[in-house]
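J.: What follows is the file coords_5.txt, containing compact mmCIF, C-alpha atoms:
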```txt
# COMPACT_ATOMS: atom_id res chain seq x y z
CA MET C 1 -31.38 1.12 -156.87
CA SER C 2 -29.35 3.27 -154.49
CA SER C 3 -25.59 3.15 -154.78
CA SER C 4 -23.38 2.38 -151.80
CA SER C 5 -22.20 5.99 -151.72
CA ASP C 6 -25.56 7.63 -151.22
CA PRO C 7 -26.97 8.19 -147.72
CA ALA C 8 -29.99 5.92 -148.21
CA GLY C 9 -27.66 3.10 -149.17
CA TRP C 10 -25.55 3.72 -146.10
CA LEU C 11 -28.60 3.72 -143.90
CA LEU C 12 -29.87 0.47 -145.35
CA GLY C 13 -26.47 -1.10 -144.96
CA ALA C 14 -26.22 0.09 -141.37
CA ARG C 15 -29.70 -1.25 -140.64
CA ARG C 16 -28.80 -4.62 -142.14
CA LEU C 17 -25.59 -4.76 -140.10
CA PHE C 18 -27.44 -3.72 -136.96
CA LEU C 19 -29.97 -6.50 -137.38
CA THR C 20 -27.32 -9.20 -137.81
CA VAL C 21 -26.15 -8.76 -134.21
CA ARG C 22 -27.90 -10.90 -131.62
CA TRP C 23 -28.38 -8.06 -129.15
CA GLY C 24 -30.58 -9.98 -126.77
CA GLU C 25 -28.05 -12.77 -126.38
CA LYS C 26 -25.21 -10.32 -125.76
CA SER C 27 -27.29 -8.44 -123.21
CA ILE C 28 -27.87 -11.65 -121.24
CA VAL C 29 -24.11 -12.33 -121.21
CA THR C 30 -23.53 -8.86 -119.74
CA LEU C 31 -26.35 -9.46 -117.26
CA TYR C 32 -24.62 -12.60 -115.95
CA LEU C 33 -21.31 -10.70 -115.65
CA SER C 34 -23.04 -7.80 -113.91
CA VAL C 35 -24.73 -10.04 -111.35
CA LEU C 36 -21.55 -12.03 -110.71
CA SER C 37 -19.31 -8.96 -110.36
CA GLY C 38 -21.96 -7.23 -108.24
CA ALA C 39 -22.06 -10.18 -105.86
CA VAL C 40 -18.26 -10.08 -105.53
CA HIS C 41 -18.16 -6.30 -105.15
CA ASP C 42 -20.84 -6.50 -102.49
CA MET C 43 -18.58 -8.58 -100.24
CA GLN C 44 -16.54 -5.46 -99.51
CA TYR C 45 -19.12 -2.71 -99.99
CA ASP C 46 -20.57 -1.11 -96.88
CA PRO C 47 -23.69 1.03 -97.46
CA ALA C 48 -23.27 2.71 -94.06
CA GLU C 49 -20.12 4.42 -95.33
CA SER C 50 -20.77 4.32 -99.04
CA PHE C 51 -18.12 6.66 -100.42
CA TYR C 52 -15.43 5.60 -97.96
CA SER C 53 -16.19 1.96 -98.77
CA LEU C 54 -16.08 2.69 -102.49
CA SER C 55 -12.75 4.49 -102.18
CA THR C 56 -11.18 1.65 -100.22
CA ILE C 57 -12.42 -0.87 -102.78
CA GLU C 58 -10.96 1.27 -105.54
CA VAL C 59 -7.62 1.96 -103.90
CA LEU C 60 -6.85 -0.56 -101.18
CA VAL C 61 -8.68 -3.84 -101.77
CA PRO C 62 -6.73 -6.16 -104.13
CA PHE C 63 -8.42 -6.21 -107.57
CA GLY C 64 -11.12 -3.96 -106.08
CA ALA C 65 -10.84 -1.51 -108.97
CA PHE C 66 -11.24 -4.40 -111.44
CA TRP C 67 -14.36 -5.87 -109.84
CA ARG C 68 -15.90 -2.44 -109.50
CA ALA C 69 -15.11 -1.57 -113.12
CA LEU C 70 -16.43 -4.92 -114.35
CA HIS C 71 -19.68 -4.40 -112.48
CA TYR C 72 -19.99 -0.85 -113.79
CA TYR C 73 -19.25 -1.62 -117.46
CA ALA C 74 -21.24 -4.86 -117.53
CA SER C 75 -24.27 -3.11 -116.03
CA GLN C 76 -24.11 -0.17 -118.43
CA LEU C 77 -23.67 -2.54 -121.37
CA PHE C 78 -26.58 -4.67 -120.25
CA PHE C 79 -28.88 -1.66 -120.42
CA LEU C 80 -27.45 -0.45 -123.75
CA LEU C 81 -27.65 -3.88 -125.35
CA ALA C 82 -31.19 -4.33 -124.04
CA LEU C 83 -32.08 -1.03 -125.74
CA CYS C 84 -30.48 -2.24 -128.99
CA HIS C 85 -32.46 -5.45 -128.65
CA LEU C 86 -35.64 -3.40 -128.26
CA VAL C 87 -34.80 -1.34 -131.34
CA ALA C 88 -34.08 -4.48 -133.37
CA ILE C 89 -37.42 -5.99 -132.32
CA ILE C 90 -39.22 -2.81 -133.36
CA LEU C 91 -37.36 -2.54 -136.70
CA THR C 92 -38.26 -6.12 -137.60
CA ARG C 93 -41.85 -5.50 -136.39
CA LYS C 94 -41.69 -8.53 -134.09
CA HIS C 95 -43.21 -6.44 -131.33
CA VAL C 96 -46.66 -6.66 -132.91
CA MET C 97 -46.53 -10.45 -132.52
CA ILE C 98 -46.09 -10.24 -128.74
CA PRO C 99 -49.34 -10.18 -126.74
CA HIS C 100 -49.90 -6.61 -125.59
CA GLY C 101 -49.96 -7.47 -121.89
CA LYS C 102 -46.58 -9.21 -122.17
CA TRP C 103 -45.19 -6.25 -124.10
CA VAL C 104 -46.20 -3.88 -121.30
CA LEU C 105 -44.51 -6.17 -118.76
CA LEU C 106 -41.32 -6.16 -120.82
CA ILE C 107 -41.34 -2.36 -120.97
CA GLY C 108 -41.77 -2.45 -117.21
CA GLY C 109 -38.70 -4.68 -117.08
CA LEU C 110 -36.72 -2.13 -119.08
CA VAL C 111 -37.78 0.65 -116.73
CA THR C 112 -36.73 -1.53 -113.78
CA THR C 113 -33.34 -2.03 -115.42
CA LEU C 114 -32.97 1.74 -115.61
CA LEU C 115 -33.84 2.03 -111.92
CA LEU C 116 -31.27 -0.65 -111.09
CA LEU C 117 -28.66 1.31 -112.98
CA PHE C 118 -29.70 4.52 -111.26
CA THR C 119 -29.63 3.06 -107.75
CA GLY C 120 -26.15 1.80 -108.55
CA TYR C 121 -25.10 5.38 -109.24
CA VAL C 122 -26.65 6.57 -105.99
CA LEU C 123 -24.86 3.85 -104.01
CA ARG C 124 -21.51 5.28 -105.07
CA GLY C 125 -22.06 7.97 -102.47
CA ASP C 126 -19.77 10.36 -104.35
CA ALA C 127 -20.80 13.85 -105.49
CA THR C 128 -22.73 12.45 -108.46
CA GLY C 129 -24.37 9.68 -106.48
CA ALA C 130 -25.32 11.80 -103.51
CA SER C 131 -26.84 14.49 -105.73
CA ALA C 132 -28.65 11.88 -107.84
CA GLY C 133 -30.19 10.40 -104.70
CA VAL C 134 -31.54 13.66 -103.29
CA ILE C 135 -32.79 14.81 -106.69
CA ALA C 136 -34.70 11.54 -107.18
CA GLU C 137 -36.12 11.85 -103.68
CA ASN C 138 -37.32 15.41 -104.24
CA ILE C 139 -38.82 14.51 -107.62
CA LEU C 140 -40.83 11.72 -106.01
CA LEU C 141 -41.90 14.05 -103.20
CA ALA C 142 -43.24 16.42 -105.87
CA ILE C 143 -45.86 13.78 -106.77
CA PRO C 144 -49.08 14.74 -105.00
CA GLY C 145 -50.73 12.13 -102.83
CA PHE C 146 -48.63 9.01 -102.92
CA GLY C 147 -45.24 10.63 -103.71
CA ARG C 148 -44.13 10.40 -100.12
CA TRP C 149 -44.93 6.68 -99.94
CA LEU C 150 -43.13 6.02 -103.18
CA ASN C 151 -40.10 7.83 -101.85
CA GLU C 152 -40.17 5.84 -98.61
CA LEU C 153 -40.27 2.67 -100.66
CA LEU C 154 -37.57 3.53 -103.18
CA PHE C 155 -35.14 6.16 -101.86
CA ALA C 156 -35.64 8.14 -98.63
CA VAL C 157 -31.92 9.02 -98.73
CA THR C 158 -32.35 12.02 -96.44
CA THR C 159 -33.82 9.99 -93.59
CA ALA C 160 -32.54 6.47 -94.23
CA ALA C 161 -29.22 7.23 -95.99
CA MET C 162 -28.40 4.32 -98.32
CA LYS C 163 -30.52 1.66 -96.62
CA ARG C 164 -33.56 1.66 -98.91
CA VAL C 165 -31.50 2.25 -102.05
CA TYR C 166 -29.20 -0.65 -101.14
CA ALA C 167 -32.09 -2.98 -100.35
CA ASN C 168 -33.77 -2.11 -103.63
CA HIS C 169 -30.60 -2.42 -105.67
CA LEU C 170 -29.68 -5.74 -104.12
CA VAL C 171 -33.06 -7.43 -103.86
CA GLY C 172 -36.21 -5.40 -104.51
CA LEU C 173 -35.59 -4.18 -108.04
CA GLY C 174 -33.92 -7.43 -109.04
CA VAL C 175 -36.94 -9.42 -107.96
CA LEU C 176 -39.24 -6.97 -109.72
CA TRP C 177 -37.18 -7.30 -112.89
CA LEU C 178 -37.38 -11.09 -112.72
CA VAL C 179 -41.14 -11.02 -112.19
CA LEU C 180 -41.64 -8.68 -115.15
CA SER C 181 -39.15 -10.36 -117.48
CA TRP C 182 -39.26 -14.01 -116.44
CA ASP C 183 -41.64 -15.18 -119.12
CA HIS C 184 -39.33 -13.71 -121.74
CA PHE C 185 -36.04 -14.47 -120.04
CA ARG C 186 -36.69 -18.15 -119.30
CA ARG C 187 -37.08 -18.99 -122.99
CA TYR C 188 -33.43 -18.30 -123.78
CA ARG C 189 -30.43 -20.32 -122.71
CA VAL C 190 -27.26 -18.35 -123.25
CA ARG C 191 -23.91 -20.04 -122.84
CA VAL C 192 -21.38 -17.39 -121.83
CA TRP C 193 -18.42 -19.48 -123.03
CA LEU C 194 -19.70 -19.22 -126.58
CA HIS C 195 -18.91 -15.47 -126.48
CA PRO C 196 -15.18 -15.55 -125.62
CA TYR C 197 -14.12 -12.42 -127.53
CA PHE C 198 -16.93 -10.35 -126.13
CA VAL C 199 -16.29 -11.47 -122.56
CA CYS C 200 -12.51 -11.07 -122.86
CA THR C 201 -12.91 -7.57 -124.26
CA LEU C 202 -15.11 -6.60 -121.35
CA LEU C 203 -12.64 -8.09 -118.86
CA LEU C 204 -9.77 -6.27 -120.53
CA VAL C 205 -11.61 -2.94 -120.51
CA SER C 206 -12.41 -3.43 -116.82
CA ALA C 207 -8.76 -4.17 -116.06
CA LEU C 208 -7.51 -1.10 -117.91
CA TRP C 209 -10.11 1.60 -117.24
CA PRO C 210 -11.41 2.24 -113.73
CA ALA C 211 -15.07 3.00 -113.20
CA PRO C 212 -15.79 6.73 -112.75
CA MET C 213 -15.91 8.34 -109.34
CA GLU C 214 -16.44 12.01 -108.46
CA PRO C 215 -15.29 12.92 -104.96
CA GLU C 216 -16.84 15.93 -103.23
CA ARG C 217 -14.44 18.84 -103.40
CA LEU C 218 -14.37 22.52 -102.67
CA GLY C 219 -15.38 24.61 -105.64
CA LEU C 220 -17.21 21.83 -107.50
CA LEU C 221 -19.44 23.90 -109.76
CA HIS C 222 -20.90 21.34 -112.12
CA ILE C 223 -22.04 17.79 -111.59
CA ALA C 224 -23.03 15.83 -114.66
CA GLY C 225 -25.68 13.31 -113.72
CA PRO C 226 -25.83 9.72 -115.07
CA TRP C 227 -25.58 9.77 -118.87
CA PHE C 228 -29.12 8.48 -119.36
CA PHE C 229 -30.51 11.34 -117.24
CA LEU C 230 -28.53 14.21 -118.73
CA GLY C 231 -31.56 15.37 -120.67
CA LEU C 232 -33.70 15.26 -117.56
CA GLN C 233 -31.10 17.20 -115.59
CA GLU C 234 -31.14 19.89 -118.27
CA LEU C 235 -34.95 20.00 -118.35
CA LEU C 236 -35.08 20.41 -114.56
CA ARG C 237 -33.34 23.75 -114.93
CA TYR C 238 -36.38 25.20 -116.70
CA VAL C 239 -39.39 23.12 -115.71
CA GLN C 240 -40.80 22.21 -112.31
CA PRO C 241 -39.79 18.79 -110.91
CA PHE C 242 -43.23 17.17 -111.26
CA TRP C 243 -43.54 18.03 -114.95
CA ALA C 244 -39.91 17.45 -115.87
CA GLY C 245 -39.12 14.53 -113.60
CA VAL C 246 -42.39 12.60 -113.56
CA LEU C 247 -44.82 13.46 -116.35
CA PHE C 248 -42.29 13.98 -119.12
CA PRO C 249 -40.60 10.56 -118.79
CA LEU C 250 -43.94 8.90 -118.02
CA THR C 251 -45.38 9.99 -121.37
CA PHE C 252 -42.48 8.27 -123.11
CA ILE C 253 -43.03 5.04 -121.19
CA VAL C 254 -46.73 5.13 -122.08
CA SER C 255 -45.90 5.65 -125.75
CA LEU C 256 -43.52 2.65 -125.61
CA CYS C 257 -46.30 0.55 -124.11
CA LEU C 258 -48.63 1.58 -126.93
CA LEU C 259 -46.14 0.92 -129.75
CA PRO C 260 -47.61 -2.44 -130.83
CA ALA C 261 -51.17 -1.06 -130.90
CA ARG C 262 -52.80 -1.21 -134.30
CA GLY C 263 -54.24 1.70 -136.22
CA GLY C 264 -54.14 5.35 -135.15
CA ILE C 265 -53.06 4.75 -131.56
CA GLY C 266 -49.98 2.79 -132.62
CA ARG C 267 -49.06 5.38 -135.25
CA GLN C 268 -49.44 8.25 -132.78
CA ALA C 269 -47.45 6.36 -130.15
CA ARG C 270 -44.61 5.80 -132.63
CA ALA C 271 -44.64 9.43 -133.72
CA TYR C 272 -44.66 10.67 -130.13
CA ALA C 273 -41.86 8.31 -129.09
CA ALA C 274 -39.71 9.47 -132.00
CA LEU C 275 -40.34 13.16 -131.21
CA TRP C 276 -39.68 12.59 -127.52
CA LEU C 277 -36.35 10.91 -128.29
CA LEU C 278 -35.34 13.79 -130.54
CA VAL C 279 -36.15 16.37 -127.85
CA TYR C 280 -34.37 14.29 -125.23
CA ALA C 281 -31.29 13.92 -127.44
CA VAL C 282 -31.09 17.70 -127.85
CA LEU C 283 -31.51 18.26 -124.10
CA SER C 284 -28.85 15.62 -123.38
CA ALA C 285 -26.45 17.25 -125.83
CA VAL C 286 -26.96 20.63 -124.15
CA GLY C 287 -26.53 19.06 -120.72
CA PHE C 288 -23.39 17.27 -121.84
CA SER C 289 -21.91 20.47 -123.28
CA ARG C 290 -22.22 22.22 -119.91
CA GLY C 291 -19.73 19.78 -118.50
CA LEU C 292 -17.24 20.66 -121.22
CA VAL C 293 -17.24 24.38 -120.43
CA MET P 1 -94.42 -32.50 -124.44
CA ARG P 2 -95.14 -29.06 -123.06
CA ASP P 3 -94.35 -30.33 -119.57
CA VAL P 4 -90.98 -31.63 -120.77
CA VAL P 5 -90.16 -28.28 -122.41
CA GLU P 6 -91.21 -26.35 -119.30
CA GLU P 7 -89.27 -28.69 -117.07
CA GLU P 8 -86.19 -28.18 -119.25
CA ARG P 9 -86.67 -24.39 -119.17
CA GLY P 10 -87.03 -24.50 -115.41
CA ARG P 11 -83.85 -26.57 -115.10
CA GLN P 12 -82.00 -24.05 -117.29
CA GLU P 13 -83.23 -21.15 -115.17
CA VAL P 14 -82.03 -22.85 -112.02
CA ALA P 15 -78.66 -23.57 -113.65
CA THR P 16 -78.36 -19.93 -114.79
CA ALA P 17 -79.21 -18.65 -111.33
CA ALA P 18 -76.68 -21.03 -109.78
CA ALA P 19 -74.02 -19.91 -112.28
CA GLY P 20 -74.84 -16.29 -111.45
CA ARG P 21 -74.50 -16.98 -107.72
CA ARG P 22 -71.17 -18.81 -108.26
CA SER P 23 -69.84 -15.96 -110.37
CA PHE P 24 -70.92 -13.47 -107.71
CA LEU P 25 -69.24 -15.51 -104.97
CA ARG P 26 -66.05 -15.84 -107.05
CA GLN P 27 -65.94 -12.12 -107.67
CA GLY P 28 -66.71 -11.43 -104.05
CA TRP P 29 -63.87 -13.75 -103.00
CA SER P 30 -61.47 -11.89 -105.39
CA TRP P 31 -62.50 -8.54 -103.94
CA LEU P 32 -62.05 -9.91 -100.43
CA ARG P 33 -58.52 -11.07 -101.23
CA LEU P 34 -57.74 -7.68 -102.76
CA ALA P 35 -59.08 -5.93 -99.67
CA ALA P 36 -56.99 -8.22 -97.43
CA ALA P 37 -53.88 -7.38 -99.45
CA GLY P 38 -54.71 -3.69 -99.10
CA VAL P 39 -55.14 -4.03 -95.35
CA LEU P 40 -51.81 -5.86 -95.07
CA CYS P 41 -50.11 -3.04 -96.97
CA TYR P 42 -51.13 -0.59 -94.25
CA PRO P 43 -48.62 -1.91 -91.64
CA LEU P 44 -45.96 -1.94 -94.34
CA PHE P 45 -46.43 1.68 -95.32
CA SER P 46 -46.95 2.81 -91.74
CA PHE P 47 -43.60 1.25 -90.88
CA LEU P 48 -41.83 2.69 -93.88
CA GLY P 49 -43.38 6.12 -93.55
CA TYR P 50 -42.51 6.81 -89.94
CA ARG P 51 -39.92 9.54 -89.69
CA VAL P 52 -37.81 9.53 -86.57
CA ARG P 53 -37.20 13.15 -85.69
CA ARG P 54 -33.53 13.93 -85.76
CA GLN P 55 -31.88 15.42 -82.70
CA PRO P 56 -30.47 18.91 -83.26
CA ARG P 57 -26.74 18.67 -83.71
CA ARG P 58 -24.24 21.12 -82.31
CA ILE P 59 -21.36 21.37 -84.73
CA LEU P 60 -18.20 22.85 -83.29
CA VAL P 61 -16.12 24.98 -85.64
CA PRO P 62 -12.90 25.61 -83.70
CA LYS P 63 -11.59 28.30 -86.00
CA ALA P 64 -11.73 32.05 -86.11
CA ILE P 65 -12.99 33.66 -89.26
CA PRO P 66 -12.12 37.16 -90.33
CA LEU P 67 -14.80 39.79 -90.88
CA SER P 68 -16.45 39.20 -94.29
CA GLY P 69 -14.72 35.83 -94.42
CA PHE P 70 -16.25 32.35 -94.48
CA ILE P 71 -15.69 28.75 -93.46
CA GLN P 72 -17.24 26.00 -95.59
CA GLU P 73 -18.16 22.88 -93.64
CA HIS P 74 -19.98 19.77 -94.82
CA ASP P 75 -23.52 20.95 -94.00
CA PHE P 76 -23.24 24.72 -93.93
CA VAL P 77 -21.17 27.77 -94.76
CA LEU P 78 -20.30 29.96 -91.79
CA PHE P 79 -20.00 33.70 -92.31
CA ALA P 80 -19.13 36.55 -90.00
CA GLY P 81 -20.24 40.11 -90.50
CA GLU P 82 -20.82 43.38 -88.66
CA HIS P 83 -23.82 41.94 -86.81
CA GLY P 84 -22.12 38.73 -85.82
CA PRO P 85 -21.76 35.21 -87.27
CA TRP P 86 -24.37 33.25 -89.16
CA ALA P 87 -24.50 29.94 -91.03
CA VAL P 88 -26.50 29.03 -94.13
CA SER P 89 -27.36 25.52 -95.20
CA ARG P 90 -25.48 24.05 -98.12
CA ILE P 91 -28.58 22.12 -99.26
CA CYS P 92 -30.10 23.67 -102.36
CA THR P 93 -33.83 24.34 -101.99
CA HIS P 94 -34.50 23.23 -105.58
CA LEU P 95 -33.72 19.51 -105.45
CA GLY P 96 -31.33 19.10 -102.51
CA CYS P 97 -27.86 19.18 -104.10
CA ARG P 98 -24.92 20.45 -102.06
CA LEU P 99 -23.98 24.07 -102.75
CA ASN P 100 -20.47 25.47 -102.98
CA TYR P 101 -19.47 29.01 -102.07
CA LEU P 102 -17.79 31.07 -104.81
CA ASP P 103 -15.81 33.74 -102.96
CA LYS P 104 -15.07 35.71 -106.13
CA GLU P 105 -18.76 36.19 -106.89
CA ARG P 106 -19.88 36.08 -103.24
CA GLN P 107 -22.58 33.57 -104.07
CA LEU P 108 -23.47 29.99 -103.20
CA VAL P 109 -23.83 28.02 -106.43
CA CYS P 110 -25.59 24.71 -106.99
CA PRO P 111 -23.55 22.37 -109.22
CA CYS P 112 -26.64 20.42 -110.36
CA HIS P 113 -28.90 23.07 -111.90
CA HIS P 114 -26.95 26.26 -111.10
CA SER P 115 -29.27 27.95 -108.66
CA ARG P 116 -27.55 30.84 -106.93
CA PHE P 117 -27.93 32.27 -103.44
CA SER P 118 -26.48 35.25 -101.61
CA PRO P 119 -24.35 34.74 -98.45
CA ASP P 120 -27.39 35.49 -96.28
CA GLY P 121 -29.27 32.66 -97.98
CA LYS P 122 -31.55 34.67 -100.27
CA ARG P 123 -32.31 33.10 -103.62
CA VAL P 124 -30.70 35.09 -106.46
CA ASP P 125 -31.08 33.09 -109.66
CA GLY P 126 -31.90 29.68 -111.11
CA PRO P 127 -34.72 27.17 -110.69
CA ALA P 128 -34.77 27.23 -106.86
CA ARG P 129 -37.78 29.08 -105.47
CA ARG P 130 -37.05 29.22 -101.75
CA ASP P 131 -34.28 30.83 -99.69
CA LEU P 132 -31.74 28.69 -97.84
CA THR P 133 -32.15 27.66 -94.22
CA VAL P 134 -30.19 29.86 -91.85
CA PHE P 135 -28.85 28.10 -88.73
CA PRO P 136 -28.35 29.76 -85.34
CA VAL P 137 -24.72 30.27 -84.36
CA GLU P 138 -23.29 30.62 -80.85
CA GLY P 139 -19.91 31.96 -80.01
CA ARG P 140 -18.01 29.18 -78.23
CA PRO P 141 -16.87 30.10 -74.78
CA ALA P 142 -13.17 29.37 -74.81
CA ALA P 143 -10.02 30.78 -73.29
CA ASP P 144 -9.02 32.38 -76.57
CA GLY P 145 -12.63 33.28 -77.49
CA ALA P 146 -12.27 31.72 -80.93
CA GLY P 147 -14.65 29.26 -82.49
CA TYR P 148 -18.35 28.85 -83.10
CA VAL P 149 -21.09 26.35 -82.45
CA VAL P 150 -23.62 25.92 -85.23
CA ILE P 151 -26.92 24.26 -84.36
CA ILE P 152 -28.44 22.29 -87.23
```
Just dump the structure as structure tokens.
T.:
Amino acid sequence: MSSSSDPAGWLLGARRLFLTVRWGEKSIVTLYLSVLSGAVHDMQYDPAESFYSLSTIEVLVPFGAFWRALHYYASQLFFLLALCHLVAIILTRKHVMIPHGKWVLLIGGLVTTLLLLFTGYVLRGDATGASAGVIAENILLAIPGFGRWLNELLFAVTTAAMKRVYANHLVGLGVLWLVLSWDHFRRYRVRVWLHPYFVCTLLLVSALWPAPMEPERLGLLHIAGPWFFLGLQELLRYVQPFWAGVLFPLTFIVSLCLLPARGGIGRQARAYAALWLLVYAVLSAVGFSRGLV
Amino acid sequence: MRDVVEEERGRQEVATAAAGRRSFLRQGWSWLRLAAAGVLCYPLFSFLGYRVRRQPRRILVPKAIPLSGFIQEHDFVLFAGEHGPWAVSRICTHLGCRLNYLDKERQLVCPCHHSRFSPDGKRVDGPARRDLTVFPVEGRPAADGAGYVVII
């Protein structure tokens, strides 16, 4: 029996603690807050003048900074808590009980959540957002054949400014998420008022800490991309856009889809996913450290 | 007895053939619906894919720059040298980020992946593979002779 002071004991304790939290329920609470705050924020946001609109919301519009911060933090938390929920499902091996087709749809829903988060970054129109938008566009254009069509559907920031991104963030990706996740989502009724401490903490954080914004300025020599793409940003320095921006993340998504598979395929998928995450963590750490210099 | 068995076999064959025809028609109907969806996608992607050509813009820079100096505008950096003025695009040829000019090092640097370019737009270092676009520059006719027009 391992004592509480040895690392294995700590790990087991941490795992037990991790599994006591109802991550899925918390993620739905943050989803509701994100949608509500996004709807409010959208009343003042103008995609035709994205950065100017964002600045006026932040500085001039009463409680603008609060609504923007709430939307930002709730959205980030939704994604993080959904990831924790995924990890908890995998640790308790509940993922093998889900029909494989439904599992693939849920992974698709997670990817759509990431895209929603990313388009939100782009819509900021600041230095980070503008760069993120053009980088995504050029990565899609690097896909032979249908890359151009995919870009026209999702981004096209060079030709259509924020129009496509806004439409996708507001409607397209949300609908796609619902279609992919509905069968899972409709089974759970979450009452937000049963999570008062969690909600109040989020509201307090939003009131006290403004959401980040990076204005364009002379002599800006380093832009750190969205935190979930830091590793990708680092990899793009060394590897061509198609391999780094398309194939590399796609292999991870495929391995996630194959996680519940039985036998050798499932084992290989799990091993690959773990290795991929390790590599990505290292790349992200390197990318993060560049911003500190 | 044999007649009954043969009649039953015949009936089964007819039923099997009918089931085969129904299955074929059902599949054919599915393929037809798929083809119709594909055809309907064509107007969608034709609409989305059309690129309206942008009109060339004449950007007025109503300032004078010293020899070997520069002016950084939103879309370009304007330089002046012995052979006259020129402007290079601020859009990195790697993945489209906006470059900034570092006067101390006399290089344009990309803040995203740190590609570097010389003032005449030549790629120096980093993941970018192509040189920057160089825009034509006209001297602006004015009473004081100062100013430039950059055509992008």
J.: Between C:Ser206, C:Thr251, C:Thr112, C:Ser284, which residue has the minimum interatomic distance to C:Leu236, considering only C-alpha atoms?
T.: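 The closest residue to C:Leu236 is C:Ser284.
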J.: As a list in words, could you give me every residue of chain C near chain P (at most 7 Å apart, counting only C-alpha atoms)?
T.: Ser131, Val134, Ile135, Asn138, Trp149, Glu152, Leu153, Leu218, Gly219, Leu220, Leu221, His222, Ile223, Arg237 and Tyr238 of chain C
J.: One number please: atom CA of C:Trp23 to atom CA of C:Leu117, in Å, one decimal.
T.: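 Those two atoms sit 18.7 Å apart.
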J.: Could you state the separation of atom CA of C:Leu36 and atom CA of C:Pro212 in Å, given to one decimal place?
T.: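 Value for the atom CA of C:Leu36-atom CA of C:Pro212 distance: 19.7 Å.
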J.: Which polymer residues, protein or nucleic acid, are no farther than 8 Å from (-31.3, 33.4, -97.1), counting all atoms listed in the file, as a list in words?
T.: Val88, Phe117, Ser118, Pro119, Asp120, Gly121, Lys122, Arg123, Asp131, Leu132, Thr133 and Val134 of chain P
J.: Near P:Arg57, counting only C-alpha atoms, which residues have an atom at most 7 Å away, once you skip same-chain residues fewer than 2 positions from it, shown as a PDB file with C-alpha atoms, keeping the file's coordinate frame?
T.:
```pdb
ATOM      1  CA  GLN P  55     -31.880  15.420 -82.700  1.00  0.00           C
ATOM      2  CA  ILE P  59     -21.360  21.370 -84.730  1.00  0.00           C
ATOM      3  CA  ILE P 151     -26.920  24.260 -84.360  1.00  0.00           C
ATOM      4  CA  ILE P 152     -28.440  22.290 -87.230  1.00  0.00           C
TER       5      ILE P 152
END
```
J.: Between atom CA of C:Gly120 and atom CA of C:His169, what is the spacing in Å?
T.: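 Distance reported for this atom pair: 6.8 Å.
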J.: Neighbouring residues of stretch 79-86 of chain P were defined as those with any atom within 10 Å, considering only C-alpha atoms; residues of the same chain fewer than 3 positions away were excluded. Please report them as JSON, numbers by chain.
T.: {"P": [64, 65, 66, 67, 68, 69, 70, 71, 72, 76, 119, 120, 134, 135, 136, 137, 138, 139, 148, 150]}
J.: If we draw a sphere of 12 Å around (-25.1, 20.8, -120.6), which residues have at least one atom in it when counting only C-alpha atoms? Please report them as a PyMOL selection string.
T.: (chain C and resi 222-225+227+229-237+281-293) or (chain P and resi 111-114)
J.: Could you save those same residues with C-alpha atoms as a tab-separated table (two decimals), in the coordinates of the input?
T.:
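That gives us part02.tsv:
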```tsv
chain	number	residue	atom	x	y	z
C	222	HIS	CA	-20.90	21.34	-112.12
C	223	ILE	CA	-22.04	17.79	-111.59
C	224	ALA	CA	-23.03	15.83	-114.66
C	225	GLY	CA	-25.68	13.31	-113.72
C	227	TRP	CA	-25.58	9.77	-118.87
C	229	PHE	CA	-30.51	11.34	-117.24
C	230	LEU	CA	-28.53	14.21	-118.73
C	231	GLY	CA	-31.56	15.37	-120.67
C	232	LEU	CA	-33.70	15.26	-117.56
C	233	GLN	CA	-31.10	17.20	-115.59
C	234	GLU	CA	-31.14	19.89	-118.27
C	235	LEU	CA	-34.95	20.00	-118.35
C	236	LEU	CA	-35.08	20.41	-114.56
C	237	ARG	CA	-33.34	23.75	-114.93
C	281	ALA	CA	-31.29	13.92	-127.44
C	282	VAL	CA	-31.09	17.70	-127.85
C	283	LEU	CA	-31.51	18.26	-124.10
C	284	SER	CA	-28.85	15.62	-123.38
C	285	ALA	CA	-26.45	17.25	-125.83
C	286	VAL	CA	-26.96	20.63	-124.15
C	287	GLY	CA	-26.53	19.06	-120.72
C	288	PHE	CA	-23.39	17.27	-121.84
C	289	SER	CA	-21.91	20.47	-123.28
C	290	ARG	CA	-22.22	22.22	-119.91
C	291	GLY	CA	-19.73	19.78	-118.50
C	292	LEU	CA	-17.24	20.66	-121.22
C	293	VAL	CA	-17.24	24.38	-120.43
P	111	PRO	CA	-23.55	22.37	-109.22
P	112	CYS	CA	-26.64	20.42	-110.36
P	113	HIS	CA	-28.90	23.07	-111.90
P	114	HIS	CA	-26.95	26.26	-111.10
```
J.: Excluding C:Tyr52 and any residue of its chain fewer than 5 positions from it, enumerate the residues within 10 Å of it, using only C-alpha atoms, and give them as JSON, numbers by chain.
T.: {"C": [45, 46, 47, 57, 58, 124, 125, 126]}
J.: The selected residues should be written to file as a PDB file, in the coordinates of the input (atoms: C-alpha atoms).
T.:
```
ATOM      1  CA  TYR C  45     -19.120  -2.710 -99.990  1.00  0.00           C
ATOM      2  CA  ASP C  46     -20.570  -1.110 -96.880  1.00  0.00           C
ATOM      3  CA  PRO C  47     -23.690   1.030 -97.460  1.00  0.00           C
ATOM      4  CA  ILE C  57     -12.420  -0.870-102.780  1.00  0.00           C
ATOM      5  CA  GLU C  58     -10.960   1.270-105.540  1.00  0.00           C
ATOM      6  CA  ARG C 124     -21.510   5.280-105.070  1.00  0.00           C
ATOM      7  CA  GLY C 125     -22.060   7.970-102.470  1.00  0.00           C
ATOM      8  CA  ASP C 126     -19.770  10.360-104.350  1.00  0.00           C
TER       9      ASP C 126
END
```
